[in-house]
file work.cif (mmCIF, C-alpha atoms)
data_upload
loop_
_atom_site.label_atom_id
_atom_site.label_comp_id
_atom_site.auth_asym_id
_atom_site.auth_seq_id
_atom_site.Cartn_x
_atom_site.Cartn_y
_atom_site.Cartn_z
CA MET A 3 0.00 0.00 0.00
CA ASP A 4 1.52 3.34 -1.06
CA ASP A 5 1.35 6.47 1.09
CA PHE A 6 -1.39 8.10 -1.00
CA LEU A 7 -3.66 5.07 -0.71
CA ALA A 8 -2.82 4.74 3.01
CA ALA A 9 -3.75 8.38 3.66
CA ARG A 10 -7.06 8.02 1.83
CA SER A 11 -7.78 4.71 3.55
CA GLN A 12 -7.04 6.14 6.99
CA MET A 13 -9.38 9.06 6.36
CA ALA A 14 -12.05 6.70 5.04
CA VAL A 15 -11.83 4.43 8.08
CA SER A 16 -11.91 7.39 10.48
CA LEU A 17 -14.91 8.96 8.76
CA GLY A 18 -16.66 5.60 8.46
CA PHE A 19 -16.55 5.05 12.22
CA HIS A 20 -17.12 8.67 13.22
CA ILE A 21 -20.21 9.11 11.08
CA VAL A 22 -22.00 6.35 13.01
CA PHE A 23 -21.01 7.73 16.41
CA ALA A 24 -21.91 11.27 15.32
CA CYS A 25 -25.32 10.40 13.89
CA ILE A 26 -26.36 8.47 16.98
CA GLY A 27 -25.07 11.35 19.12
CA MET A 28 -27.16 13.78 17.05
CA VAL A 29 -30.43 11.85 17.25
CA MET A 30 -30.52 10.07 20.62
CA PRO A 31 -30.85 13.34 22.62
CA PHE A 32 -34.11 14.01 20.75
CA PHE A 33 -35.43 10.55 21.63
CA MET A 34 -34.39 11.23 25.21
CA ALA A 35 -36.15 14.62 25.18
CA VAL A 36 -39.36 13.10 23.76
CA ALA A 37 -39.44 10.45 26.48
CA HIS A 38 -38.73 13.11 29.12
CA TYR A 39 -41.55 15.31 27.80
CA LEU A 40 -43.98 12.39 27.90
CA TRP A 41 -43.03 11.70 31.50
CA LEU A 42 -43.59 15.35 32.48
CA ARG A 43 -46.98 15.37 30.76
CA THR A 44 -48.27 11.94 31.85
CA GLY A 45 -46.43 11.16 35.08
CA ASN A 46 -45.86 7.62 33.76
CA ILE A 47 -42.67 6.42 35.45
CA VAL A 48 -41.86 4.19 32.46
CA TYR A 49 -41.04 7.34 30.47
CA LYS A 50 -38.83 8.61 33.29
CA ASN A 51 -36.93 5.33 33.33
CA LEU A 52 -36.67 5.42 29.55
CA THR A 53 -35.26 8.95 29.70
CA LYS A 54 -32.61 7.92 32.21
CA ALA A 55 -31.69 4.79 30.25
CA TRP A 56 -31.34 6.68 26.98
CA SER A 57 -29.39 9.48 28.66
CA LYS A 58 -26.66 6.97 29.51
CA GLY A 59 -26.48 5.98 25.86
CA VAL A 60 -26.26 9.66 24.91
CA ALA A 61 -23.31 10.08 27.28
CA ILE A 62 -21.53 7.06 25.78
CA PHE A 63 -21.88 8.29 22.21
CA PHE A 64 -21.05 11.86 23.13
CA ALA A 65 -17.72 10.69 24.55
CA THR A 66 -16.89 8.39 21.62
CA GLY A 67 -18.00 10.98 19.07
CA ALA A 68 -15.80 13.59 20.74
CA VAL A 69 -12.78 11.27 20.61
CA SER A 70 -13.27 10.21 17.00
CA GLY A 71 -14.02 13.79 15.92
CA THR A 72 -10.86 15.07 17.58
CA VAL A 73 -8.82 12.43 15.77
CA LEU A 74 -10.33 13.57 12.47
CA SER A 75 -9.35 17.18 13.10
CA PHE A 76 -5.74 16.10 13.62
CA GLU A 77 -5.82 13.88 10.55
CA LEU A 78 -6.89 16.79 8.34
CA GLY A 79 -3.67 18.59 9.21
CA LEU A 80 -1.48 15.48 9.29
CA LEU A 81 -2.64 13.78 6.11
CA TRP A 82 -3.75 16.70 3.96
CA PRO A 83 -1.48 19.68 4.78
CA GLU A 84 -1.65 21.26 1.31
CA PHE A 85 -5.43 21.14 1.44
CA MET A 86 -5.60 22.75 4.88
CA LYS A 87 -3.02 25.38 3.91
CA HIS A 88 -5.35 26.81 1.29
CA ALA A 89 -8.78 25.65 2.48
CA GLY A 90 -8.42 26.40 6.20
CA PRO A 91 -8.81 30.19 5.96
CA ILE A 92 -11.80 29.78 3.64
CA PHE A 93 -13.96 27.16 5.31
CA GLY A 94 -12.60 27.44 8.85
CA MET A 95 -15.70 29.37 9.97
CA PRO A 96 -18.11 26.39 10.13
CA PHE A 97 -15.47 24.35 11.99
CA SER A 98 -15.06 27.15 14.54
CA MET A 99 -18.82 27.39 14.99
CA GLU A 100 -19.00 23.60 15.28
CA GLY A 101 -16.55 23.82 18.18
CA THR A 102 -18.85 26.33 19.89
CA ALA A 103 -21.86 24.06 19.35
CA PHE A 104 -19.87 21.16 20.79
CA PHE A 105 -19.06 23.08 23.99
CA ILE A 106 -22.70 24.12 24.39
CA GLU A 107 -23.72 20.49 23.93
CA ALA A 108 -21.19 19.35 26.55
CA ILE A 109 -22.40 21.92 29.10
CA ALA A 110 -26.07 21.12 28.47
CA LEU A 111 -25.41 17.38 28.75
CA GLY A 112 -23.70 17.92 32.09
CA PHE A 113 -26.70 19.92 33.32
CA PHE A 114 -29.07 17.20 32.14
CA LEU A 115 -27.21 14.22 33.56
CA TYR A 116 -26.67 15.79 36.99
CA GLY A 117 -29.78 17.97 37.10
CA TRP A 118 -32.30 15.39 38.28
CA ASN A 119 -34.22 16.77 41.31
CA LYS A 120 -32.02 19.89 41.30
CA PHE A 121 -33.50 22.10 38.55
CA ASN A 122 -37.01 23.15 37.71
CA ARG A 123 -38.36 20.10 35.89
CA TRP A 124 -39.13 21.97 32.67
CA PHE A 125 -35.74 23.68 32.66
CA HIS A 126 -34.18 20.27 33.15
CA TRP A 127 -36.08 19.02 30.11
CA PHE A 128 -34.95 22.10 28.17
CA THR A 129 -31.29 21.27 28.80
CA GLY A 130 -31.89 17.91 27.12
CA VAL A 131 -33.42 19.68 24.12
CA VAL A 132 -30.33 21.93 23.95
CA VAL A 133 -28.14 18.81 23.78
CA GLY A 134 -30.07 17.63 20.72
CA VAL A 135 -30.21 21.01 19.00
CA SER A 136 -26.48 21.54 19.53
CA GLY A 137 -25.73 18.08 18.18
CA ILE A 138 -27.77 18.71 15.04
CA ALA A 139 -26.10 22.12 14.63
CA SER A 140 -22.66 20.49 14.88
CA GLY A 141 -23.59 17.99 12.20
CA ILE A 142 -24.97 20.65 9.86
CA LEU A 143 -21.87 22.82 10.26
CA VAL A 144 -19.52 19.94 9.47
CA VAL A 145 -21.64 19.00 6.45
CA ALA A 146 -21.49 22.65 5.32
CA ALA A 147 -17.69 22.34 5.29
CA ASN A 148 -17.95 19.14 3.27
CA GLY A 149 -20.44 20.86 0.97
CA TRP A 150 -17.81 23.51 0.30
CA MET A 151 -15.46 20.78 -0.93
CA ASN A 152 -18.18 19.70 -3.39
CA SER A 153 -19.18 23.25 -4.31
CA PRO A 154 -16.30 25.67 -3.67
CA ALA A 155 -17.42 29.25 -2.99
CA GLY A 156 -16.34 32.35 -1.12
CA PHE A 157 -13.08 33.05 -2.96
CA ASP A 158 -11.60 33.87 -6.34
CA TYR A 159 -9.07 31.41 -7.74
CA VAL A 160 -6.59 33.39 -9.83
CA ASN A 161 -3.27 31.99 -11.07
CA GLY A 162 -3.18 29.38 -8.29
CA GLN A 163 -3.98 31.96 -5.59
CA TYR A 164 -7.04 32.04 -3.33
CA LEU A 165 -8.14 35.68 -3.25
CA ASN A 166 -11.08 37.79 -1.97
CA ILE A 167 -12.00 35.24 0.72
CA ASP A 168 -15.55 35.43 2.10
CA PRO A 169 -16.04 32.80 4.88
CA VAL A 170 -19.80 33.42 5.13
CA LYS A 171 -20.33 32.78 1.44
CA ALA A 172 -18.07 29.74 1.70
CA MET A 173 -20.14 28.28 4.54
CA PHE A 174 -23.46 28.87 2.77
CA ASN A 175 -22.27 27.34 -0.48
CA ALA A 176 -24.59 25.89 -3.10
CA ALA A 177 -24.35 22.37 -1.67
CA TRP A 178 -24.76 22.97 2.07
CA PHE A 179 -28.57 22.89 2.27
CA SER A 180 -29.21 19.77 0.21
CA GLN A 181 -26.38 17.88 1.92
CA ALA A 182 -27.39 19.00 5.42
CA LEU A 183 -31.03 18.07 4.86
CA HIS A 184 -30.15 14.67 3.41
CA MET A 185 -27.63 13.94 6.15
CA THR A 186 -29.93 14.98 9.00
CA LEU A 187 -32.77 12.82 7.73
CA ALA A 188 -30.31 9.95 7.22
CA ALA A 189 -29.18 10.30 10.85
CA PHE A 190 -32.77 10.12 12.14
CA CYS A 191 -33.62 7.25 9.80
CA SER A 192 -30.59 5.08 10.59
CA THR A 193 -30.64 5.74 14.33
CA GLY A 194 -34.41 5.41 14.56
CA PHE A 195 -34.47 2.01 12.86
CA ALA A 196 -31.46 0.76 14.85
CA VAL A 197 -32.97 1.77 18.20
CA ALA A 198 -36.40 0.44 17.24
CA GLY A 199 -34.82 -2.83 16.14
CA VAL A 200 -33.00 -3.33 19.46
CA HIS A 201 -36.16 -2.67 21.48
CA ALA A 202 -38.22 -4.86 19.12
CA LEU A 203 -35.82 -7.73 19.83
CA MET A 204 -36.29 -7.25 23.57
CA ILE A 205 -40.07 -7.30 23.09
CA LEU A 206 -39.85 -10.56 21.16
CA ARG A 207 -37.76 -11.98 23.99
CA LYS A 208 -40.43 -10.75 26.44
CA LYS A 209 -37.92 -8.67 28.40
CA ASN A 210 -39.50 -5.74 30.27
CA VAL A 211 -42.08 -5.47 27.49
CA LEU A 212 -43.77 -2.30 28.71
CA PHE A 213 -40.51 -0.34 28.82
CA HIS A 214 -39.32 -1.57 25.44
CA SER A 215 -42.73 -1.03 23.83
CA ARG A 216 -42.68 2.66 24.77
CA ALA A 217 -39.11 2.98 23.51
CA PHE A 218 -39.91 1.12 20.29
CA LYS A 219 -42.83 3.42 19.49
CA ILE A 220 -40.79 6.63 19.85
CA ALA A 221 -37.89 5.31 17.74
CA ALA A 222 -40.13 3.72 15.10
CA ILE A 223 -42.14 6.91 14.59
CA CYS A 224 -39.06 9.13 14.30
CA GLY A 225 -37.18 6.72 12.06
CA GLY A 226 -40.27 6.03 9.96
CA VAL A 227 -41.04 9.70 9.33
CA ALA A 228 -37.42 10.30 8.30
CA ALA A 229 -37.48 7.27 5.96
CA ILE A 230 -40.60 8.53 4.19
CA LEU A 231 -39.23 12.08 3.85
CA GLN A 232 -35.81 10.94 2.66
CA PRO A 233 -36.80 10.41 -1.02
CA LEU A 234 -37.88 14.05 -1.20
CA SER A 235 -34.48 15.04 0.14
CA GLY A 236 -32.86 12.69 -2.35
CA ASP A 237 -34.72 14.35 -5.20
CA ILE A 238 -33.42 17.77 -4.11
CA SER A 239 -29.89 16.36 -3.91
CA ALA A 240 -30.11 14.67 -7.33
CA LYS A 241 -31.18 17.87 -9.08
CA ASP A 242 -28.47 19.80 -7.27
CA ILE A 243 -25.75 17.29 -8.17
CA ALA A 244 -26.90 17.20 -11.81
CA LYS A 245 -26.24 20.92 -12.01
CA ARG A 246 -23.03 21.19 -9.97
CA GLN A 247 -21.34 17.79 -10.32
CA PRO A 248 -22.58 16.07 -13.47
CA ALA A 249 -19.65 13.64 -13.40
CA LYS A 250 -20.72 12.41 -9.96
CA LEU A 251 -24.32 11.88 -11.11
CA ALA A 252 -23.09 10.03 -14.18
CA ALA A 253 -20.93 7.75 -12.01
CA MET A 254 -23.81 7.16 -9.58
CA GLU A 255 -25.98 5.93 -12.44
CA ALA A 256 -23.14 4.44 -14.53
CA HIS A 257 -24.35 6.81 -17.25
CA PHE A 258 -21.61 6.65 -19.86
CA LYS A 259 -23.25 8.32 -22.86
CA THR A 260 -24.79 11.78 -22.92
CA GLU A 261 -28.39 11.40 -24.11
CA LYS A 262 -31.91 12.70 -23.88
CA SER A 263 -34.64 10.72 -22.09
CA ALA A 264 -31.87 9.06 -20.07
CA PRO A 265 -32.95 5.89 -18.27
CA PHE A 266 -32.76 5.32 -14.53
CA ILE A 267 -30.66 2.22 -13.90
CA ILE A 268 -31.55 -0.31 -11.21
CA GLY A 269 -28.74 -2.72 -10.37
CA GLY A 270 -26.30 -3.59 -13.10
CA ILE A 271 -22.56 -4.14 -13.28
CA PRO A 272 -20.60 -1.28 -14.88
CA ASP A 273 -18.00 -2.19 -17.51
CA GLU A 274 -15.79 0.89 -17.52
CA LYS A 275 -13.53 -0.40 -20.28
CA ASN A 276 -16.36 -0.82 -22.78
CA GLU A 277 -18.52 1.90 -21.17
CA THR A 278 -21.59 -0.30 -20.77
CA VAL A 279 -23.71 -1.63 -17.92
CA LYS A 280 -24.54 -5.31 -17.82
CA HIS A 281 -27.58 -6.97 -16.23
CA ALA A 282 -29.31 -3.68 -15.39
CA ILE A 283 -32.98 -2.78 -15.32
CA LYS A 284 -33.47 0.48 -17.23
CA ILE A 285 -36.52 2.72 -16.79
CA PRO A 286 -36.60 5.14 -19.77
CA GLY A 287 -36.64 8.88 -19.08
CA VAL A 288 -36.64 8.63 -15.30
CA LEU A 289 -33.03 9.80 -14.82
CA SER A 290 -33.79 12.84 -16.99
CA PHE A 291 -36.79 13.62 -14.79
CA LEU A 292 -34.90 13.11 -11.54
CA ALA A 293 -32.02 15.28 -12.74
CA HIS A 294 -33.90 18.06 -14.53
CA GLY A 295 -37.63 17.61 -13.89
CA ASP A 296 -38.21 16.73 -17.56
CA PHE A 297 -38.50 13.19 -18.95
CA GLY A 298 -36.95 14.32 -22.23
CA ALA A 299 -34.07 16.39 -20.85
CA GLU A 300 -30.48 15.65 -21.78
CA VAL A 301 -28.32 14.17 -19.03
CA THR A 302 -24.55 14.60 -19.22
CA GLY A 303 -22.66 11.33 -19.41
CA LEU A 304 -19.12 10.38 -18.54
CA ASP A 305 -18.18 10.74 -22.20
CA LYS A 306 -18.06 14.52 -21.64
CA PHE A 307 -15.16 14.14 -19.20
CA LYS A 308 -11.55 13.14 -19.66
CA PRO A 309 -10.74 9.69 -18.24
CA GLU A 310 -8.51 11.25 -15.58
CA ASP A 311 -11.39 13.50 -14.44
CA ARG A 312 -13.93 10.70 -13.97
CA PRO A 313 -14.86 9.30 -10.55
CA PRO A 314 -14.44 5.56 -9.90
CA VAL A 315 -17.67 4.35 -11.52
CA ALA A 316 -18.05 0.89 -9.99
CA VAL A 317 -17.62 1.97 -6.36
CA THR A 318 -19.84 5.03 -6.78
CA HIS A 319 -22.56 3.12 -8.64
CA PHE A 320 -22.69 0.14 -6.26
CA SER A 321 -22.72 2.43 -3.22
CA PHE A 322 -25.55 4.46 -4.72
CA GLN A 323 -27.55 1.32 -5.47
CA ILE A 324 -27.06 0.04 -1.91
CA MET A 325 -28.17 3.38 -0.47
CA ILE A 326 -31.28 3.53 -2.68
CA GLY A 327 -32.21 -0.12 -2.17
CA LEU A 328 -31.94 -0.06 1.62
CA GLY A 329 -33.70 3.30 1.74
CA VAL A 330 -36.65 1.85 -0.16
CA ILE A 331 -36.80 -1.11 2.26
CA MET A 332 -36.94 1.22 5.26
CA MET A 333 -39.57 3.36 3.57
CA ILE A 334 -41.75 0.28 2.96
CA VAL A 335 -41.35 -0.91 6.55
CA ALA A 336 -42.21 2.58 7.80
CA ALA A 337 -45.32 2.69 5.59
CA ILE A 338 -46.44 -0.69 6.95
CA TYR A 339 -45.96 0.53 10.53
CA PHE A 340 -47.91 3.75 9.98
CA PHE A 341 -50.66 1.87 8.13
CA ALA A 342 -50.91 -0.50 11.08
CA SER A 343 -51.00 2.40 13.53
CA ILE A 344 -53.88 4.07 11.67
CA LYS A 345 -55.89 1.31 10.02
CA LYS A 346 -54.78 -2.07 11.39
CA LYS A 347 -54.04 -1.60 15.09
CA GLU A 348 -54.23 -5.36 15.64
CA TRP A 349 -50.97 -5.67 13.69
CA LEU A 350 -49.07 -3.63 16.27
CA GLY A 351 -48.74 -6.53 18.67
CA LYS A 352 -47.79 -9.10 16.04
CA ALA A 353 -44.38 -10.76 16.17
CA TRP A 354 -43.86 -10.38 12.40
CA LEU A 355 -43.99 -6.59 12.65
CA TYR A 356 -41.32 -6.54 15.37
CA LYS A 357 -39.24 -8.98 13.32
CA LEU A 358 -39.32 -6.56 10.39
CA PHE A 359 -37.69 -3.92 12.56
CA VAL A 360 -35.18 -6.38 14.00
CA TRP A 361 -34.08 -7.29 10.46
CA CYS A 362 -33.81 -3.58 9.67
CA THR A 363 -31.58 -2.79 12.67
CA PRO A 364 -28.27 -2.49 10.75
CA ILE A 365 -29.47 -1.43 7.30
CA GLY A 366 -29.87 2.27 8.11
CA PHE A 367 -26.19 2.53 8.99
CA ILE A 368 -25.19 0.48 5.95
CA ALA A 369 -27.17 2.93 3.79
CA LEU A 370 -25.53 5.81 5.67
CA GLU A 371 -22.04 4.50 4.93
CA ALA A 372 -22.96 3.85 1.30
CA GLY A 373 -24.31 7.40 0.92
CA TRP A 374 -21.16 8.89 2.40
CA THR A 375 -19.11 6.78 -0.01
CA VAL A 376 -21.12 8.22 -2.91
CA THR A 377 -20.45 11.75 -1.66
CA GLU A 378 -16.69 11.29 -1.22
CA VAL A 379 -15.73 8.81 -3.94
CA GLY A 380 -18.06 10.49 -6.43
CA ARG A 381 -16.12 13.76 -6.02
CA GLN A 382 -12.82 12.16 -7.01
CA PRO A 383 -10.26 12.91 -8.33
CA TRP A 384 -10.89 16.27 -6.62
CA ILE A 385 -10.54 17.15 -2.95
CA ILE A 386 -11.81 20.67 -3.78
CA TYR A 387 -14.07 20.10 -6.76
CA GLY A 388 -12.57 21.53 -9.92
CA ILE A 389 -9.80 23.34 -8.00
CA MET A 390 -7.43 20.92 -6.23
CA ARG A 391 -6.85 17.24 -6.89
CA THR A 392 -6.70 14.81 -4.00
CA ALA A 393 -3.26 13.61 -5.12
CA ASP A 394 -1.91 17.16 -4.81
CA ALA A 395 -3.17 17.60 -1.24
CA VAL A 396 -1.71 14.53 0.47
CA THR A 397 1.16 14.68 2.96
CA PRO A 398 4.69 14.02 1.64
CA MET A 399 5.60 12.35 4.94
CA PRO A 400 6.59 8.66 4.47
CA GLY A 401 5.35 5.85 6.69
CA ILE A 402 1.66 6.84 6.67
CA VAL A 403 0.80 3.19 6.11
CA TYR A 404 1.79 2.41 9.71
CA SER A 405 -0.41 5.23 10.92
CA PHE A 406 -3.27 3.67 8.96
CA TYR A 407 -2.81 0.32 10.68
CA LEU A 408 -2.57 1.96 14.10
CA PHE A 409 -5.67 4.11 13.74
CA THR A 410 -7.66 1.25 12.25
CA ALA A 411 -6.82 -0.85 15.31
CA VAL A 412 -7.80 2.03 17.61
CA TYR A 413 -11.19 2.48 15.93
CA ILE A 414 -11.95 -1.23 15.93
CA SER A 415 -11.05 -1.42 19.62
CA LEU A 416 -13.20 1.64 20.35
CA SER A 417 -16.13 0.01 18.57
CA PHE A 418 -15.81 -3.14 20.67
CA VAL A 419 -15.72 -1.03 23.85
CA VAL A 420 -18.82 0.89 22.79
CA ALA A 421 -20.65 -2.33 21.86
CA PHE A 422 -19.76 -3.85 25.23
CA MET A 423 -20.95 -0.78 27.14
CA LEU A 424 -24.23 -0.70 25.23
CA TYR A 425 -24.74 -4.42 25.79
CA ARG A 426 -24.30 -3.91 29.54
CA GLN A 427 -26.68 -0.97 29.43
CA ILE A 428 -29.37 -2.98 27.65
CA ARG A 429 -28.95 -5.84 30.10
CA ALA A 430 -29.22 -3.43 33.03
CA VAL A 431 -32.52 -2.05 31.73
CA ASP A 432 -34.33 -5.27 32.55
CA THR A 433 -33.29 -5.15 36.20
CA LEU A 434 -33.16 -1.42 36.95
CA TYR A 435 -36.27 -0.28 35.09
CA ASP A 436 -38.70 -3.19 35.28
CA VAL A 437 -41.74 -1.43 36.72
CA PRO A 438 -44.95 -3.30 37.59
CA ALA A 439 -48.01 -2.05 35.70
CA SER A 440 -49.71 -1.10 38.96
CA SER A 441 -47.03 1.50 39.76
CA GLN A 442 -46.72 3.22 36.42
CA HIS A 443 -48.26 6.51 37.60
#
call {"tool": "encode", "arguments": {"input": "work.cif", "output": "structure tokens"}}
result
Amino acid sequence: MDDFLAARSQMAVSLGFHIVFACIGMVMPFFMAVAHYLWLRTGNIVYKNLTKAWSKGVAIFFATGAVSGTVLSFELGLLWPEFMKHAGPIFGMPFSMEGTAFFIEAIALGFFLYGWNKFNRWFHWFTGVVVGVSGIASGILVVAANGWMNSPAGFDYVNGQYLNIDPVKAMFNAAWFSQALHMTLAAFCSTGFAVAGVHALMILRKKNVLFHSRAFKIAAICGGVAAILQPLSGDISAKDIAKRQPAKLAAMEAHFKTEKSAPFIIGGIPDEKNETVKHAIKIPGVLSFLAHGDFGAEVTGLDKFKPEDRPPVAVTHFSFQIMIGLGVIMMIVAAIYFFASIKKKEWLGKAWLYKLFVWCTPIGFIALEAGWTVTEVGRQPWIIYGIMRTADAVTPMPGIVYSFYLFTAVYISLSFVVAFMLYRQIRAVDTLYDVPASSQH
């Protein structure tokens, strides 16, 4: 493995782990706040116990997210010094604001965890809401920085120089809204289905059923709503990418030839040498509609770009297909759940419905990782789209391969620690928070 590949691999591994920790850390405080609100309104002690149980999970993921995020900030400077030299002054503003949001989140979480029976009960609840809002703000600000890499703005690039820098314009670049919306919904969808799946499993095992049923309902509703809204967000993103990054859209769809009434491809194996797609289902005109709102519109293909300027088609296409496929599955499961809640309430206690959510436990995070792969790999060979190539931004320092092995081991170890802590927490729920029905109020 050469140093360039090692640097990219290390960044990919770090982001791959951090994105899971970060998304759970963004969403779980909202679940916690919903449960807390329901306790304040109903007096049902099950919701109080649920709030306390989830708050411990929030603390775990806040700590791991902080560690993995700090590592990433060091890696940006260590692995990509040329990139940070030029990009830092331009898109440093959202990172600075993200640091502020992180400190607010840390303070609010401290208030919440140690504020039981010490604060006014509604103020205590409000501190939990602040944890969630700050977490979402942190995520949006980081995505705004990534959006700048996909849609550079806020400077003039003249003769290799970055002039007339405007950090505000850089932060609110053309890509920030669509990416932030898509990412936020993805966080709620993946976390919602994962949490609902864990509690559904406990219900099937008949472990503290009342507690887990309340938890399942909150997570399933939040995750389900996000899953149903996500295609709308995807449509906004597709139209945005078609305008700003046509090469990425072409790689996502393995669209080699520029043509009108371009088909939407389902599945298929790209053959980059012969510029064809084998074994694909093609729906005529749909890609043109998704990209431009017109079934007859022309969609730019990879033939409009030099070979050295094309993204890796196979990786981008397969990742996009995985994201779309798993997203559709979650949307269908969500639709079934909401249909049952409104029209077929007798389904809500059926084992098959809980099994659906158990099977869906990991797929939200798989879709999340696939979507992030589309975003990053689809931008290649650029680290700043159209301005700086990834190969020109990497560190010249030798021996990065050893750093890659070390950090990979650290992240794998951290994941095992987190999994162990969560396992203990779930086991503890059945002994600490098993409340008889007669004492719920």
call {"tool": "residues_around", "arguments": {"input": "work.cif", "residues": "Thr193 in chain A", "least_positions_apart": "5", "cutoff": "9 Å", "atoms": "only C-alpha atoms", "output": "ChimeraX atom specification"}}
result
/A:22,25-26,29-30,188,198,221,225,363,366-367
call {"tool": "write_last_selection", "arguments": {"input": "work.cif", "atoms": "C-alpha atoms", "output": "short mmCIF file (atom, residue, chain, number, x, y, z; two decimals), in the frame of the given file"}}
result
data_model
loop_
_atom_site.label_atom_id
_atom_site.label_comp_id
_atom_site.auth_asym_id
_atom_site.auth_seq_id
_atom_site.Cartn_x
_atom_site.Cartn_y
_atom_site.Cartn_z
CA VAL A 22 -22.00 6.35 13.01
CA CYS A 25 -25.32 10.40 13.89
CA ILE A 26 -26.36 8.47 16.98
CA VAL A 29 -30.43 11.85 17.25
CA MET A 30 -30.52 10.07 20.62
CA ALA A 188 -30.31 9.95 7.22
CA ALA A 198 -36.40 0.44 17.24
CA ALA A 221 -37.89 5.31 17.74
CA GLY A 225 -37.18 6.72 12.06
CA THR A 363 -31.58 -2.79 12.67
CA GLY A 366 -29.87 2.27 8.11
CA PHE A 367 -26.19 2.53 8.99
#
call {"tool": "closest_residue", "arguments": {"input": "work.cif", "among": "A:Val135, A:Ile386, A:Leu80, A:Val144", "to": "Ile21 in chain A", "atoms": "all atoms listed in the file"}}
result
A:Val144
call {"tool": "closest_residue", "arguments": {"input": "work.cif", "among": "A:Phe258, A:Phe85, A:Trp127, A:Phe121", "to": "Gly303 in chain A", "atoms": "only C-alpha atoms"}}
result
A:Phe258
call {"tool": "residues_around", "arguments": {"input": "work.cif", "residues": "Gly327 in chain A", "least_positions_apart": "4", "cutoff": "10 Å", "atoms": "all atoms listed in the file", "output": "list in words"}}
result
Ile268, Gly269, Ser321, Phe322, Gln323, Ile331, Met332, Met333, Ile365 and Ala369 of chain A
call {"tool": "write_last_selection", "arguments": {"input": "work.cif", "atoms": "C-alpha atoms", "output": "mmCIF file, in the coordinates of the input"}}
result
data_model
loop_
_atom_site.group_PDB
_atom_site.id
_atom_site.type_symbol
_atom_site.label_atom_id
_atom_site.label_comp_id
_atom_site.auth_asym_id
_atom_site.auth_seq_id
_atom_site.Cartn_x
_atom_site.Cartn_y
_atom_site.Cartn_z
ATOM 1 C CA ILE A 268 -31.550 -0.310 -11.210
ATOM 2 C CA GLY A 269 -28.740 -2.720 -10.370
ATOM 3 C CA SER A 321 -22.720 2.430 -3.220
ATOM 4 C CA PHE A 322 -25.550 4.460 -4.720
ATOM 5 C CA GLN A 323 -27.550 1.320 -5.470
ATOM 6 C CA ILE A 331 -36.800 -1.110 2.260
ATOM 7 C CA MET A 332 -36.940 1.220 5.260
ATOM 8 C CA MET A 333 -39.570 3.360 3.570
ATOM 9 C CA ILE A 365 -29.470 -1.430 7.300
ATOM 10 C CA ALA A 369 -27.170 2.930 3.790
#
call {"tool": "resolve_selection", "arguments": {"input": "work.cif", "expression": "the PyMOL selection byres ((chain A and resi 131-133) around 12)", "output": "JSON, numbers by chain"}}
result
{"A": [27, 28, 29, 30, 31, 32, 33, 34, 35, 36, 37, 38, 39, 57, 60, 61, 64, 103, 104, 105, 106, 107, 108, 109, 110, 111, 112, 113, 114, 115, 124, 125, 126, 127, 128, 129, 130, 134, 135, 136, 137, 138, 139, 140]}
call {"tool": "closest_residue", "arguments": {"input": "work.cif", "among": "A:Ala24, A:Ala353, A:Val412, A:Ile92", "to": "Ala68 in chain A", "atoms": "only C-alpha atoms"}}
result
A:Ala24
call {"tool": "atom_distance", "arguments": {"input": "work.cif", "atom1": "CA of Ile142 in chain A", "atom2": "CA of Asp242 in chain A"}}
result
17.5 Å
call {"tool": "axis_aligned_box", "arguments": {"input": "work.cif", "around": "range 191-208 of chain A", "padding_each_side": "3 Å", "output": "lines of an AutoDock Vina configuration file"}}
result
center_x = -35.5
center_y = -2.4
center_z = 18.1
size_x = 15.8
size_y = 25.2
size_z = 22.6
call {"tool": "atom_distance", "arguments": {"input": "work.cif", "atom1": "CA of Arg216 in chain A", "atom2": "CA of Leu52 in chain A"}}
result
8.2 Å
call {"tool": "closest_residue", "arguments": {"input": "work.cif", "among": "A:Met99, A:Ile414, A:Leu203, A:Ile389", "to": "Asp158 in chain A", "atoms": "all atoms listed in the file"}}
result
A:Ile389
call {"tool": "atom_distance", "arguments": {"input": "work.cif", "atom1": "CA of Val227 in chain A", "atom2": "CA of Tyr339 in chain A"}}
result
10.5 Å
call {"tool": "closest_residue", "arguments": {"input": "work.cif", "among": "A:Lys250, A:Phe19, A:Ala189, A:Ala229", "to": "Ser415 in chain A", "atoms": "only C-alpha atoms"}}
result
A:Phe19
call {"tool": "resolve_selection", "arguments": {"input": "work.cif", "expression": "the PyMOL selection byres ((chain A and resi 83) around 12)", "output": "list in words"}}
result
Ala9, Ser75, Phe76, Glu77, Leu78, Gly79, Leu80, Leu81, Trp82, Glu84, Phe85, Met86, Lys87, His88, Ala89, Gly90, Thr392, Ala393, Asp394, Ala395, Val396, Thr397, Pro398 and Met399 of chain A
call {"tool": "resolve_selection", "arguments": {"input": "work.cif", "expression": "the PyMOL selection byres ((chain A and resi 200) around 9)", "output": "ChimeraX atom specification"}}
result
/A:195-199,201-205,214,218,359-360,363,428
call {"tool": "residues_near_point", "arguments": {"input": "work.cif", "point": "(-24.9, 5.7, -13.4)", "cutoff": "8 Å", "atoms": "all atoms listed in the file", "output": "PyMOL selection string"}}
result
chain A and resi 251-258+266-267+315+319
